[in-house]
Each structure stands twice: as C-alpha cells, then as structure tokens.
Amino acid sequence: MENQRIGYLGPKGTFTKMAVDALFEGGSFISYESIPACLDAVERGDIETGVVPLENAIEGSVHLTIDYLVHQVNQSIIAEMTVPIKQHLLVHPDYQGEIIKKIYSHSHAIAQCHQYLHKHYPDAEIEYTASTGRAAEIVASTGCETAAIGNHLAAEENGLKLLDTNIHDYDNNHTRFAVVQKNPKTLKVKDHTVSKHKTTVMVTLPKDYAGALHQVLAAFSWRKMNLSKIESRPMKTGLGNYFFLIDVDQPYDQVLFPGVQAELEALGCQLKVLGTYPAYQIDIPAPIQKA
C-alpha cells in the first residue's frame, strides 16, 4: 500500500503508539480514544489497519479487545507484536516535591503497579483513564498534586518529568498487541525478526458436558499441533455458555486445520479462524533519565 492508514489506541504517548512506531514502515497514524472506537473505524473502512492491546504478562488478556473482536466486528488478526512495558511515574514539569493526591492511568497500568502504589502512595486517590496517554494529558493540565503512570513517550509528548522509573511490580512486563484488518492486505513493516507464526481460532460447544474440552484439545493433540494459549470467554447468550479462544503455534494450512474443523463439527462444535499471522518481538528504546 502506498499510504497505510493505521489506527491505534491513543492519544500520543500510549504503549500502543510506541508499538505502532516500532513496527510500521511509514503510513498515516490516527489515534482513537478507546479500543471500540479504533475497531469500529476499521469496520467502517475509515482506516485499513487497527492496533489494539491484546494481553499483558501481568494482568492477562484485555477482555474488551477479545470480546469486541468476537461479538461486535468482523475482522482478522493479521499480525501480533510483543513489546516490553516500562511503567514510570510522571509529574507536572513544575513539580517541586508536593504531596501527590491523585494518580491517573489506565486500569491495566494501575494494576501492574499495585504494590508500588500501596507502598509509596497509599493515600493517593486512583482515577482510571481510557489510556496512559490520556492520563499524561490530564496531569499536564492539572498541576503538581497529580501524577500519571505511563511511558517515557507520554512524558516527552506532554512535557512531564519522570519522578520515578520502572515502577511496575514485576520485571517481565510485556504486552501483546493485535494488528487487525477487515479486508486483509499486505503490511509495510520495518525489518523485524518473526519469532513464530500463529493461528488463533474460536471454538464453541453445542452444550456443556463432561469431557467436552478434552475432546476439543484432543483434536489438536493427536495431530501434534502445539497450543500456546487456551482461554474461555462467555458467549453472552446465557449463564454457563462459553467459547474457547485457542492460539496454535503454526500458520494455517489446508490439511491439519480443516481436519481439526471436521472432527470438531462431528462433535457438534464450531470452529472459526480469527487470524493466521506472524508474531513479532519488538524492543523499545530506553527511557529518558529521571528528572
């Protein structure tokens, strides 16, 4: 494509924007205030490509992304990128040691720093925002008694200082981002090594019965297809009705996957391929020094 139109969870300064900058070779980047807004824009055709967070190593799956892809839009995952997440405490540029009374950030970022906040700011009020970038914007306009949790890009974009760095509770903090399109096209990406190829499928059961999940997994197991993730999510059709989201560590082919699908359909199950795609492991530049 001559000019890729790429939407992402914004505003500037989010980890999603950092991931977009690291992966794509050129294009028009458009920020959206929420995950649904970004995916809706892909569905309408306003943009060809959307980038949204999918899973964090500490907090697990981003259920809003998964549920929206399954229940609200008809899009394919065409790539995945995993990036390291470094959370920092950001303050107003005029901060001179004032007591911080309120801390803003996305719910996942807050959760990733729970122990730090409990130890250092037990009395601070926590307010959730749509993104870490939005939290940084708020602090830039509200003064020295507030702080945001976010990355170094958010600090740079909003003129904030880093009061403390790497405040996440666990070192191995990574987030997977899904790159989605309604009509899959070739992406123009930078020269990154593909760590693996994956296929994500959704499996629904006709009803809940003893051994149902075992039968589903057996269809992959005896074909020696490695599964890197299995997750259940509610179908939203009634209590106890679930679908399974399964990541298979290989690209879709015309032999094994149709065989799995035929076997599961014989059991009354349904299988839908949500995407077959390369998975990239991406490094993010080190943050600026703490002020």
# chains A, B, ... in the order shown; residues from 1 in each chain; ligands from 1
>>> closest_atom_pairs(of="range 83-146 of chain A", to="range 51-62 of chain A", cutoff="8 Å", atoms="only C-alpha atoms", output="Markdown table")
| residue | atom | partner | partner_atom | distance |
| --- | --- | --- | --- | --- |
| A:His108 | CA | A:Glu59 | CA | 6.6 |
| A:Ala111 | CA | A:Glu59 | CA | 7.1 |
| A:Gln112 | CA | A:Ile58 | CA | 6.4 |
>>> write_last_selection(atoms="N, CA and C atoms", output="PDB file, in the first residue's frame")
ATOM      1  N   HIS A 108      -5.193  -1.245  33.532  1.00  0.00           N
ATOM      2  CA  HIS A 108      -4.138  -2.255  33.474  1.00  0.00           C
ATOM      3  C   HIS A 108      -2.820  -1.715  34.005  1.00  0.00           C
ATOM      4  N   ALA A 111      -2.959  -1.632  37.752  1.00  0.00           N
ATOM      5  CA  ALA A 111      -2.827  -2.977  38.312  1.00  0.00           C
ATOM      6  C   ALA A 111      -1.390  -3.484  38.232  1.00  0.00           C
ATOM      7  N   GLN A 112      -0.674  -3.114  37.188  1.00  0.00           N
ATOM      8  CA  GLN A 112       0.714  -3.544  37.039  1.00  0.00           C
ATOM      9  C   GLN A 112       1.632  -2.919  38.090  1.00  0.00           C
TER      10      GLN A 112
END
>>> select_by_dssp(residues="range 99-213 of chain A", states="strand (DSSP E or B)", output="MDAnalysis selection string")
chainID A and resid 102:105 125:128 146:150 161:164 174:181 189 194:204
>>> residues_around(residues="Tyr252 in chain A", least_positions_apart="2", cutoff="8 Å", atoms="only C-alpha atoms", output="list in words")
Lys198, Thr199, Gln250, Gln254, Phe257 and Thr276 of chain A
>>> write_last_selection(atoms="C-alpha atoms", output="PDB file, in the first residue's frame")
ATOM      1  CA  LYS A 198       0.425 -18.375  14.879  1.00  0.00           C
ATOM      2  CA  THR A 199      -3.206 -19.089  14.157  1.00  0.00           C
ATOM      3  CA  GLN A 250       1.778 -22.635  13.397  1.00  0.00           C
ATOM      4  CA  GLN A 254      -5.018 -26.916   4.106  1.00  0.00           C
ATOM      5  CA  PHE A 257      -6.742 -27.233  10.316  1.00  0.00           C
ATOM      6  CA  THR A 276      -3.188 -16.594  10.908  1.00  0.00           C
TER       7      THR A 276
END
>>> residues_around(residues="Val83 in chain A", least_positions_apart="5", cutoff="7 Å", atoms="only C-alpha atoms", output="PDB file with N, CA and C atoms, in the first residue's frame")
ATOM      1  N   ALA A  19       4.296   0.917  20.028  1.00  0.00           N
ATOM      2  CA  ALA A  19       4.336  -0.322  19.251  1.00  0.00           C
ATOM      3  C   ALA A  19       4.140  -0.037  17.764  1.00  0.00           C
ATOM      4  N   HIS A 174       5.416  -7.498  29.708  1.00  0.00           N
ATOM      5  CA  HIS A 174       5.279  -7.364  28.259  1.00  0.00           C
ATOM      6  C   HIS A 174       3.799  -7.320  27.886  1.00  0.00           C
ATOM      7  N   THR A 175       3.505  -6.679  26.774  1.00  0.00           N
ATOM      8  CA  THR A 175       2.140  -6.647  26.253  1.00  0.00           C
ATOM      9  C   THR A 175       2.137  -7.100  24.799  1.00  0.00           C
ATOM     10  N   ARG A 176       1.153  -7.934  24.472  1.00  0.00           N
ATOM     11  CA  ARG A 176       0.912  -8.341  23.093  1.00  0.00           C
ATOM     12  C   ARG A 176      -0.126  -7.406  22.479  1.00  0.00           C
ATOM     13  N   GLN A 281       8.612  -9.874  17.905  1.00  0.00           N
ATOM     14  CA  GLN A 281       9.137  -9.477  19.207  1.00  0.00           C
ATOM     15  C   GLN A 281       9.896  -8.177  18.987  1.00  0.00           C
ATOM     16  N   ILE A 282       9.454  -7.103  19.641  1.00  0.00           N
ATOM     17  CA  ILE A 282       9.983  -5.780  19.341  1.00  0.00           C
ATOM     18  C   ILE A 282      10.585  -5.159  20.595  1.00  0.00           C
ATOM     19  N   ASP A 283      11.763  -4.559  20.434  1.00  0.00           N
ATOM     20  CA  ASP A 283      12.399  -3.816  21.525  1.00  0.00           C
ATOM     21  C   ASP A 283      11.981  -2.357  21.450  1.00  0.00           C
ATOM     22  N   ILE A 284      11.881  -1.727  22.627  1.00  0.00           N
ATOM     23  CA  ILE A 284      11.532  -0.318  22.719  1.00  0.00           C
ATOM     24  C   ILE A 284      12.740   0.434  23.276  1.00  0.00           C
TER      25      ILE A 284
END
>>> residues_around(residues="Tyr8 in chain A", least_positions_apart="3", cutoff="9 Å", atoms="only C-alpha atoms", output="CSV table (one decimal) with all heavy atoms, in the first residue's frame")
chain,number,residue,atom,x,y,z
A,11,PRO,N,-4.3,8.7,23.2
A,11,PRO,CA,-3.6,9.6,22.2
A,11,PRO,C,-2.1,9.3,22.2
A,11,PRO,O,-1.7,8.3,22.5
A,11,PRO,CB,-3.9,11.0,22.9
A,11,PRO,CG,-4.0,10.7,24.3
A,11,PRO,CD,-4.6,9.4,24.5
A,16,THR,N,0.6,1.6,22.9
A,16,THR,CA,0.1,1.2,21.5
A,16,THR,C,0.8,2.0,20.5
A,16,THR,O,1.2,1.5,19.4
A,16,THR,CB,-1.4,1.3,21.4
A,16,THR,OG1,-2.0,0.7,22.6
A,16,THR,CG2,-1.9,0.5,20.2
A,17,LYS,N,0.9,3.3,20.7
A,17,LYS,CA,1.6,4.2,19.7
A,17,LYS,C,3.1,3.8,19.6
A,17,LYS,O,3.6,3.9,18.6
A,17,LYS,CB,1.4,5.7,20.2
A,17,LYS,CG,2.1,6.7,19.2
A,17,LYS,CD,1.6,6.5,17.8
A,17,LYS,CE,1.9,7.7,16.9
A,17,LYS,NZ,3.3,7.9,16.7
A,20,VAL,N,3.2,0.9,17.5
A,20,VAL,CA,3.0,1.2,16.1
A,20,VAL,C,4.2,1.9,15.4
A,20,VAL,O,4.6,1.5,14.3
A,20,VAL,CB,1.8,2.2,16.0
A,20,VAL,CG1,1.7,2.9,14.6
A,20,VAL,CG2,0.4,1.5,16.3
A,29,PHE,N,-0.9,7.7,10.8
A,29,PHE,CA,-1.3,7.2,12.1
A,29,PHE,C,-2.4,8.1,12.7
A,29,PHE,O,-2.3,9.3,12.7
A,29,PHE,CB,-0.1,7.2,13.0
A,29,PHE,CG,1.1,6.4,12.5
A,29,PHE,CD1,2.4,6.8,12.7
A,29,PHE,CD2,0.8,5.2,11.8
A,29,PHE,CE1,3.4,6.0,12.3
A,29,PHE,CE2,1.9,4.4,11.4
A,29,PHE,CZ,3.2,4.8,11.6
A,30,ILE,N,-3.5,7.4,13.1
A,30,ILE,CA,-4.7,8.1,13.6
A,30,ILE,C,-5.0,7.5,15.0
A,30,ILE,O,-5.1,6.3,15.1
A,30,ILE,CB,-5.9,7.9,12.7
A,30,ILE,CG1,-5.5,8.4,11.3
A,30,ILE,CG2,-7.1,8.6,13.2
A,30,ILE,CD1,-6.5,8.0,10.2
A,31,SER,N,-5.1,8.4,16.0
A,31,SER,CA,-5.4,7.9,17.3
A,31,SER,C,-6.8,7.9,17.6
A,31,SER,O,-7.6,8.7,17.1
A,31,SER,CB,-4.6,8.8,18.4
A,31,SER,OG,-5.2,10.1,18.4
A,32,TYR,N,-7.3,6.9,18.5
A,32,TYR,CA,-8.6,6.8,18.9
A,32,TYR,C,-8.7,6.7,20.4
A,32,TYR,O,-7.8,6.2,21.0
A,32,TYR,CB,-9.3,5.6,18.3
A,32,TYR,CG,-9.5,5.8,16.8
A,32,TYR,CD1,-8.5,5.4,15.9
A,32,TYR,CD2,-10.6,6.3,16.2
A,32,TYR,CE1,-8.6,5.5,14.5
A,32,TYR,CE2,-10.8,6.5,14.9
A,32,TYR,CZ,-9.8,6.1,14.0
A,32,TYR,OH,-10.0,6.3,12.7
A,33,GLU,N,-9.7,7.2,21.0
A,33,GLU,CA,-9.8,7.3,22.5
A,33,GLU,C,-10.1,6.0,23.2
A,33,GLU,O,-9.9,5.9,24.4
A,33,GLU,CB,-10.8,8.4,22.9
A,33,GLU,CG,-10.4,9.8,22.7
A,33,GLU,CD,-9.3,10.2,23.6
A,33,GLU,OE1,-9.3,9.8,24.8
A,33,GLU,OE2,-8.3,10.9,23.1
A,34,SER,N,-10.5,5.0,22.4
A,34,SER,CA,-10.9,3.7,23.1
A,34,SER,C,-10.6,2.6,22.1
A,34,SER,O,-10.5,2.8,20.9
A,34,SER,CB,-12.3,3.7,23.5
A,34,SER,OG,-13.2,3.8,22.4
A,35,ILE,N,-10.6,1.4,22.6
A,35,ILE,CA,-10.4,0.2,21.8
A,35,ILE,C,-11.7,0.1,20.9
A,35,ILE,O,-11.5,-0.2,19.6
A,35,ILE,CB,-10.2,-1.0,22.7
A,35,ILE,CG1,-8.9,-1.0,23.3
A,35,ILE,CG2,-10.4,-2.3,21.9
A,35,ILE,CD1,-8.6,-2.0,24.4
A,38,CYS,N,-11.5,2.5,17.9
A,38,CYS,CA,-10.5,2.1,16.9
A,38,CYS,C,-11.0,0.9,16.0
A,38,CYS,O,-10.9,1.0,14.8
A,38,CYS,CB,-9.2,1.7,17.6
A,38,CYS,SG,-7.8,1.2,16.5
A,39,LEU,N,-11.6,-0.1,16.6
A,39,LEU,CA,-12.1,-1.3,15.9
A,39,LEU,C,-13.3,-0.9,15.0
A,39,LEU,O,-13.5,-1.4,13.9
A,39,LEU,CB,-12.4,-2.4,16.8
A,39,LEU,CG,-11.2,-3.0,17.6
A,39,LEU,CD1,-11.7,-4.1,18.6
A,39,LEU,CD2,-10.1,-3.5,16.7
A,49,THR,N,-6.2,-0.5,8.9
A,49,THR,CA,-5.5,-1.3,9.9
A,49,THR,C,-5.7,-0.7,11.3
A,49,THR,O,-5.7,0.5,11.5
A,49,THR,CB,-4.0,-1.3,9.7
A,49,THR,OG1,-3.8,-1.8,8.3
A,49,THR,CG2,-3.3,-2.3,10.7
A,50,GLY,N,-6.0,-1.5,12.3
A,50,GLY,CA,-6.1,-1.1,13.7
A,50,GLY,C,-5.1,-1.9,14.6
A,50,GLY,O,-4.8,-3.0,14.3
A,51,VAL,N,-4.6,-1.2,15.6
A,51,VAL,CA,-3.7,-1.8,16.5
A,51,VAL,C,-4.2,-1.6,17.9
A,51,VAL,O,-4.4,-0.5,18.4
A,51,VAL,CB,-2.3,-1.2,16.4
A,51,VAL,CG1,-1.3,-1.9,17.4
A,51,VAL,CG2,-1.7,-1.4,15.0
A,52,VAL,N,-4.5,-2.7,18.6
A,52,VAL,CA,-5.1,-2.6,20.0
A,52,VAL,C,-4.4,-3.6,20.9
A,52,VAL,O,-3.9,-4.7,20.4
A,52,VAL,CB,-6.6,-3.0,19.9
A,52,VAL,CG1,-7.4,-1.8,19.3
A,52,VAL,CG2,-6.8,-4.3,19.2
>>> residues_around(residues="Thr14 in chain A", least_positions_apart="4", cutoff="9 Å", atoms="only C-alpha atoms", output="ChimeraX atom specification")
/A:9-10,18-19,131-134,150-151,153-154
>>> closest_residue(among="A:Asn3, A:Ser76, A:Thr237, A:Ser107", to="Asn183 in chain A", atoms="only C-alpha atoms")
A:Ser76
>>> closest_residue(among="A:Pro234, A:Pro93, A:Pro206, A:Pro122", to="Ala266 in chain A", atoms="only C-alpha atoms")
A:Pro206
>>> atom_distance(atom1="CA of Gln4 in chain A", atom2="CA of Ala279 in chain A")
19.6 Å
>>> closest_residue(among="A:Gly26, A:Gly13, A:Pro278, A:Gly268", to="Asp249 in chain A", atoms="only C-alpha atoms")
A:Pro278
>>> atom_distance(atom1="CA of Phe177 in chain A", atom2="CA of Val194 in chain A")
14.3 Å
>>> select_by_dssp(residues="range 188-277 of chain A", states="helix (DSSP H, G or I)", output="PDB file with all heavy atoms, in the first residue's frame")
ATOM      1  N   ALA A 212     -16.017 -32.360  27.341  1.00  0.00           N
ATOM      2  CA  ALA A 212     -16.125 -31.559  26.121  1.00  0.00           C
ATOM      3  C   ALA A 212     -14.793 -30.900  25.768  1.00  0.00           C
ATOM      4  O   ALA A 212     -14.329 -30.977  24.620  1.00  0.00           O
ATOM      5  CB  ALA A 212     -17.221 -30.505  26.277  1.00  0.00           C
ATOM      6  N   LEU A 213     -14.169 -30.242  26.749  1.00  0.00           N
ATOM      7  CA  LEU A 213     -12.904 -29.572  26.467  1.00  0.00           C
ATOM      8  C   LEU A 213     -11.824 -30.586  26.106  1.00  0.00           C
ATOM      9  O   LEU A 213     -11.003 -30.344  25.222  1.00  0.00           O
ATOM     10  CB  LEU A 213     -12.469 -28.732  27.672  1.00  0.00           C
ATOM     11  CG  LEU A 213     -11.137 -27.979  27.518  1.00  0.00           C
ATOM     12  CD1 LEU A 213     -11.173 -27.059  26.307  1.00  0.00           C
ATOM     13  CD2 LEU A 213     -10.816 -27.186  28.788  1.00  0.00           C
ATOM     14  N   HIS A 214     -11.829 -31.732  26.765  1.00  0.00           N
ATOM     15  CA  HIS A 214     -10.847 -32.777  26.443  1.00  0.00           C
ATOM     16  C   HIS A 214     -10.968 -33.200  24.987  1.00  0.00           C
ATOM     17  O   HIS A 214      -9.955 -33.390  24.292  1.00  0.00           O
ATOM     18  CB  HIS A 214     -11.039 -33.979  27.363  1.00  0.00           C
ATOM     19  CG  HIS A 214     -10.204 -35.163  26.983  1.00  0.00           C
ATOM     20  ND1 HIS A 214      -8.845 -35.238  27.255  1.00  0.00           N
ATOM     21  CD2 HIS A 214     -10.512 -36.307  26.317  1.00  0.00           C
ATOM     22  CE1 HIS A 214      -8.369 -36.377  26.786  1.00  0.00           C
ATOM     23  NE2 HIS A 214      -9.361 -37.048  26.216  1.00  0.00           N
ATOM     24  N   GLN A 215     -12.173 -33.350  24.499  1.00  0.00           N
ATOM     25  CA  GLN A 215     -12.372 -33.759  23.111  1.00  0.00           C
ATOM     26  C   GLN A 215     -11.875 -32.684  22.144  1.00  0.00           C
ATOM     27  O   GLN A 215     -11.295 -33.005  21.099  1.00  0.00           O
ATOM     28  CB  GLN A 215     -13.848 -34.055  22.858  1.00  0.00           C
ATOM     29  CG  GLN A 215     -14.350 -35.329  23.529  1.00  0.00           C
ATOM     30  CD  GLN A 215     -15.809 -35.597  23.205  1.00  0.00           C
ATOM     31  OE1 GLN A 215     -16.637 -34.700  23.203  1.00  0.00           O
ATOM     32  NE2 GLN A 215     -16.126 -36.857  22.918  1.00  0.00           N
ATOM     33  N   VAL A 216     -12.106 -31.416  22.502  1.00  0.00           N
ATOM     34  CA  VAL A 216     -11.622 -30.320  21.659  1.00  0.00           C
ATOM     35  C   VAL A 216     -10.099 -30.339  21.583  1.00  0.00           C
ATOM     36  O   VAL A 216      -9.504 -30.278  20.501  1.00  0.00           O
ATOM     37  CB  VAL A 216     -12.123 -28.963  22.198  1.00  0.00           C
ATOM     38  CG1 VAL A 216     -11.413 -27.807  21.483  1.00  0.00           C
ATOM     39  CG2 VAL A 216     -13.631 -28.839  22.014  1.00  0.00           C
ATOM     40  N   LEU A 217      -9.448 -30.431  22.738  1.00  0.00           N
ATOM     41  CA  LEU A 217      -7.990 -30.397  22.774  1.00  0.00           C
ATOM     42  C   LEU A 217      -7.381 -31.625  22.100  1.00  0.00           C
ATOM     43  O   LEU A 217      -6.311 -31.547  21.493  1.00  0.00           O
ATOM     44  CB  LEU A 217      -7.512 -30.294  24.219  1.00  0.00           C
ATOM     45  CG  LEU A 217      -7.956 -29.037  24.976  1.00  0.00           C
ATOM     46  CD1 LEU A 217      -7.375 -29.032  26.381  1.00  0.00           C
ATOM     47  CD2 LEU A 217      -7.551 -27.780  24.220  1.00  0.00           C
ATOM     48  N   ALA A 218      -8.059 -32.766  22.212  1.00  0.00           N
ATOM     49  CA  ALA A 218      -7.547 -33.988  21.594  1.00  0.00           C
ATOM     50  C   ALA A 218      -7.449 -33.860  20.074  1.00  0.00           C
ATOM     51  O   ALA A 218      -6.553 -34.440  19.443  1.00  0.00           O
ATOM     52  CB  ALA A 218      -8.434 -35.174  21.969  1.00  0.00           C
ATOM     53  N   ALA A 219      -8.357 -33.079  19.480  1.00  0.00           N
ATOM     54  CA  ALA A 219      -8.336 -32.901  18.030  1.00  0.00           C
ATOM     55  C   ALA A 219      -7.044 -32.235  17.570  1.00  0.00           C
ATOM     56  O   ALA A 219      -6.546 -32.501  16.468  1.00  0.00           O
ATOM     57  CB  ALA A 219      -9.548 -32.076  17.584  1.00  0.00           C
ATOM     58  N   PHE A 220      -6.495 -31.361  18.426  1.00  0.00           N
ATOM     59  CA  PHE A 220      -5.207 -30.734  18.123  1.00  0.00           C
ATOM     60  C   PHE A 220      -4.046 -31.628  18.553  1.00  0.00           C
ATOM     61  O   PHE A 220      -3.029 -31.724  17.868  1.00  0.00           O
ATOM     62  CB  PHE A 220      -5.095 -29.386  18.847  1.00  0.00           C
ATOM     63  CG  PHE A 220      -6.076 -28.356  18.393  1.00  0.00           C
ATOM     64  CD1 PHE A 220      -7.292 -28.179  19.059  1.00  0.00           C
ATOM     65  CD2 PHE A 220      -5.800 -27.535  17.302  1.00  0.00           C
ATOM     66  CE1 PHE A 220      -8.191 -27.214  18.660  1.00  0.00           C
ATOM     67  CE2 PHE A 220      -6.693 -26.573  16.887  1.00  0.00           C
ATOM     68  CZ  PHE A 220      -7.902 -26.414  17.559  1.00  0.00           C
ATOM     69  N   SER A 221      -4.211 -32.283  19.702  1.00  0.00           N
ATOM     70  CA  SER A 221      -3.103 -33.019  20.313  1.00  0.00           C
ATOM     71  C   SER A 221      -2.595 -34.158  19.437  1.00  0.00           C
ATOM     72  O   SER A 221      -1.383 -34.277  19.212  1.00  0.00           O
ATOM     73  CB  SER A 221      -3.538 -33.561  21.678  1.00  0.00           C
ATOM     74  OG  SER A 221      -2.524 -34.337  22.251  1.00  0.00           O
ATOM     75  N   LEU A 256      -4.093 -29.881   8.211  1.00  0.00           N
ATOM     76  CA  LEU A 256      -4.333 -30.080   9.639  1.00  0.00           C
ATOM     77  C   LEU A 256      -5.546 -29.299  10.140  1.00  0.00           C
ATOM     78  O   LEU A 256      -6.405 -29.854  10.847  1.00  0.00           O
ATOM     79  CB  LEU A 256      -3.087 -29.690  10.439  1.00  0.00           C
ATOM     80  CG  LEU A 256      -1.845 -30.554  10.201  1.00  0.00           C
ATOM     81  CD1 LEU A 256      -0.656 -30.012  10.971  1.00  0.00           C
ATOM     82  CD2 LEU A 256      -2.127 -31.999  10.597  1.00  0.00           C
ATOM     83  N   PHE A 257      -5.639 -28.041   9.789  1.00  0.00           N
ATOM     84  CA  PHE A 257      -6.742 -27.233  10.316  1.00  0.00           C
ATOM     85  C   PHE A 257      -8.106 -27.676   9.780  1.00  0.00           C
ATOM     86  O   PHE A 257      -9.069 -27.782  10.553  1.00  0.00           O
ATOM     87  CB  PHE A 257      -6.497 -25.744  10.046  1.00  0.00           C
ATOM     88  CG  PHE A 257      -5.524 -25.119  11.003  1.00  0.00           C
ATOM     89  CD1 PHE A 257      -4.180 -25.045  10.693  1.00  0.00           C
ATOM     90  CD2 PHE A 257      -5.945 -24.611  12.224  1.00  0.00           C
ATOM     91  CE1 PHE A 257      -3.271 -24.474  11.568  1.00  0.00           C
ATOM     92  CE2 PHE A 257      -5.056 -24.035  13.111  1.00  0.00           C
ATOM     93  CZ  PHE A 257      -3.705 -23.969  12.790  1.00  0.00           C
ATOM     94  N   PRO A 258      -8.252 -27.945   8.485  1.00  0.00           N
ATOM     95  CA  PRO A 258      -9.537 -28.485   8.037  1.00  0.00           C
ATOM     96  C   PRO A 258      -9.863 -29.822   8.701  1.00  0.00           C
ATOM     97  O   PRO A 258     -11.036 -30.111   8.971  1.00  0.00           O
ATOM     98  CB  PRO A 258      -9.332 -28.652   6.522  1.00  0.00           C
ATOM     99  CG  PRO A 258      -8.316 -27.633   6.168  1.00  0.00           C
ATOM    100  CD  PRO A 258      -7.377 -27.609   7.338  1.00  0.00           C
ATOM    101  N   GLY A 259      -8.842 -30.616   9.008  1.00  0.00           N
ATOM    102  CA  GLY A 259      -9.074 -31.879   9.708  1.00  0.00           C
ATOM    103  C   GLY A 259      -9.602 -31.648  11.113  1.00  0.00           C
ATOM    104  O   GLY A 259     -10.532 -32.334  11.565  1.00  0.00           O
ATOM    105  N   VAL A 260      -8.998 -30.671  11.821  1.00  0.00           N
ATOM    106  CA  VAL A 260      -9.489 -30.321  13.153  1.00  0.00           C
ATOM    107  C   VAL A 260     -10.931 -29.834  13.075  1.00  0.00           C
ATOM    108  O   VAL A 260     -11.792 -30.247  13.869  1.00  0.00           O
ATOM    109  CB  VAL A 260      -8.600 -29.234  13.790  1.00  0.00           C
ATOM    110  CG1 VAL A 260      -9.253 -28.671  15.052  1.00  0.00           C
ATOM    111  CG2 VAL A 260      -7.227 -29.803  14.135  1.00  0.00           C
ATOM    112  N   GLN A 261     -11.211 -28.975  12.107  1.00  0.00           N
ATOM    113  CA  GLN A 261     -12.555 -28.424  11.980  1.00  0.00           C
ATOM    114  C   GLN A 261     -13.584 -29.520  11.715  1.00  0.00           C
ATOM    115  O   GLN A 261     -14.668 -29.533  12.323  1.00  0.00           O
ATOM    116  CB  GLN A 261     -12.585 -27.384  10.859  1.00  0.00           C
ATOM    117  CG  GLN A 261     -13.941 -26.684  10.722  1.00  0.00           C
ATOM    118  CD  GLN A 261     -13.844 -25.436   9.864  1.00  0.00           C
ATOM    119  OE1 GLN A 261     -12.782 -25.088   9.364  1.00  0.00           O
ATOM    120  NE2 GLN A 261     -14.964 -24.752   9.691  1.00  0.00           N
ATOM    121  N   ALA A 262     -13.264 -30.449  10.826  1.00  0.00           N
ATOM    122  CA  ALA A 262     -14.200 -31.534  10.519  1.00  0.00           C
ATOM    123  C   ALA A 262     -14.442 -32.416  11.743  1.00  0.00           C
ATOM    124  O   ALA A 262     -15.574 -32.827  12.014  1.00  0.00           O
ATOM    125  CB  ALA A 262     -13.658 -32.366   9.360  1.00  0.00           C
ATOM    126  N   GLU A 263     -13.373 -32.686  12.502  1.00  0.00           N
ATOM    127  CA  GLU A 263     -13.514 -33.514  13.696  1.00  0.00           C
ATOM    128  C   GLU A 263     -14.379 -32.824  14.748  1.00  0.00           C
ATOM    129  O   GLU A 263     -15.240 -33.454  15.376  1.00  0.00           O
ATOM    130  CB  GLU A 263     -12.130 -33.826  14.270  1.00  0.00           C
ATOM    131  CG  GLU A 263     -12.164 -34.779  15.461  1.00  0.00           C
ATOM    132  CD  GLU A 263     -10.777 -35.231  15.882  1.00  0.00           C
ATOM    133  OE1 GLU A 263      -9.850 -35.227  15.022  1.00  0.00           O
ATOM    134  OE2 GLU A 263     -10.607 -35.588  17.064  1.00  0.00           O
ATOM    135  N   LEU A 264     -14.162 -31.522  14.928  1.00  0.00           N
ATOM    136  CA  LEU A 264     -14.952 -30.794  15.924  1.00  0.00           C
ATOM    137  C   LEU A 264     -16.408 -30.644  15.484  1.00  0.00           C
ATOM    138  O   LEU A 264     -17.323 -30.726  16.310  1.00  0.00           O
ATOM    139  CB  LEU A 264     -14.328 -29.421  16.174  1.00  0.00           C
ATOM    140  CG  LEU A 264     -12.944 -29.428  16.829  1.00  0.00           C
ATOM    141  CD1 LEU A 264     -12.466 -27.999  17.093  1.00  0.00           C
ATOM    142  CD2 LEU A 264     -12.954 -30.224  18.124  1.00  0.00           C
ATOM    143  N   GLU A 265     -16.630 -30.427  14.201  1.00  0.00           N
ATOM    144  CA  GLU A 265     -18.009 -30.313  13.719  1.00  0.00           C
ATOM    145  C   GLU A 265     -18.757 -31.622  13.890  1.00  0.00           C
ATOM    146  O   GLU A 265     -19.976 -31.630  14.125  1.00  0.00           O
ATOM    147  CB  GLU A 265     -18.015 -29.857  12.263  1.00  0.00           C
ATOM    148  CG  GLU A 265     -17.621 -28.391  12.091  1.00  0.00           C
ATOM    149  CD  GLU A 265     -17.589 -27.950  10.643  1.00  0.00           C
ATOM    150  OE1 GLU A 265     -17.694 -28.830   9.755  1.00  0.00           O
ATOM    151  OE2 GLU A 265     -17.453 -26.733  10.390  1.00  0.00           O
ATOM    152  N   ALA A 266     -18.046 -32.747  13.786  1.00  0.00           N
ATOM    153  CA  ALA A 266     -18.677 -34.054  14.022  1.00  0.00           C
ATOM    154  C   ALA A 266     -19.133 -34.193  15.472  1.00  0.00           C
ATOM    155  O   ALA A 266     -20.066 -34.948  15.768  1.00  0.00           O
ATOM    156  CB  ALA A 266     -17.710 -35.179  13.659  1.00  0.00           C
TER     157      ALA A 266
END
>>> atom_distance(atom1="CA of Ala124 in chain A", atom2="CA of Lys102 in chain A")
5.1 Å
>>> closest_residue(among="A:Phe15, A:Tyr242, A:Trp222, A:Tyr68", to="Gln87 in chain A", atoms="only C-alpha atoms")
A:Phe15
>>> closest_residue(among="A:Asp169, A:Leu69, A:Cys144, A:Asp21", to="Lys119 in chain A", atoms="only C-alpha atoms")
A:Asp169
>>> closest_residue(among="A:Ala148, A:Ala155, A:Val180, A:Leu187", to="Leu89 in chain A", atoms="only C-alpha atoms")
A:Ala148
>>> residues_around(residues="Val139 in chain A", least_positions_apart="2", cutoff="12 Å", atoms="only C-alpha atoms", output="VMD selection string")
chain A and resid 89 to 95 100 to 105 127 129 132 to 137 141 to 150 154 to 155 158 to 161
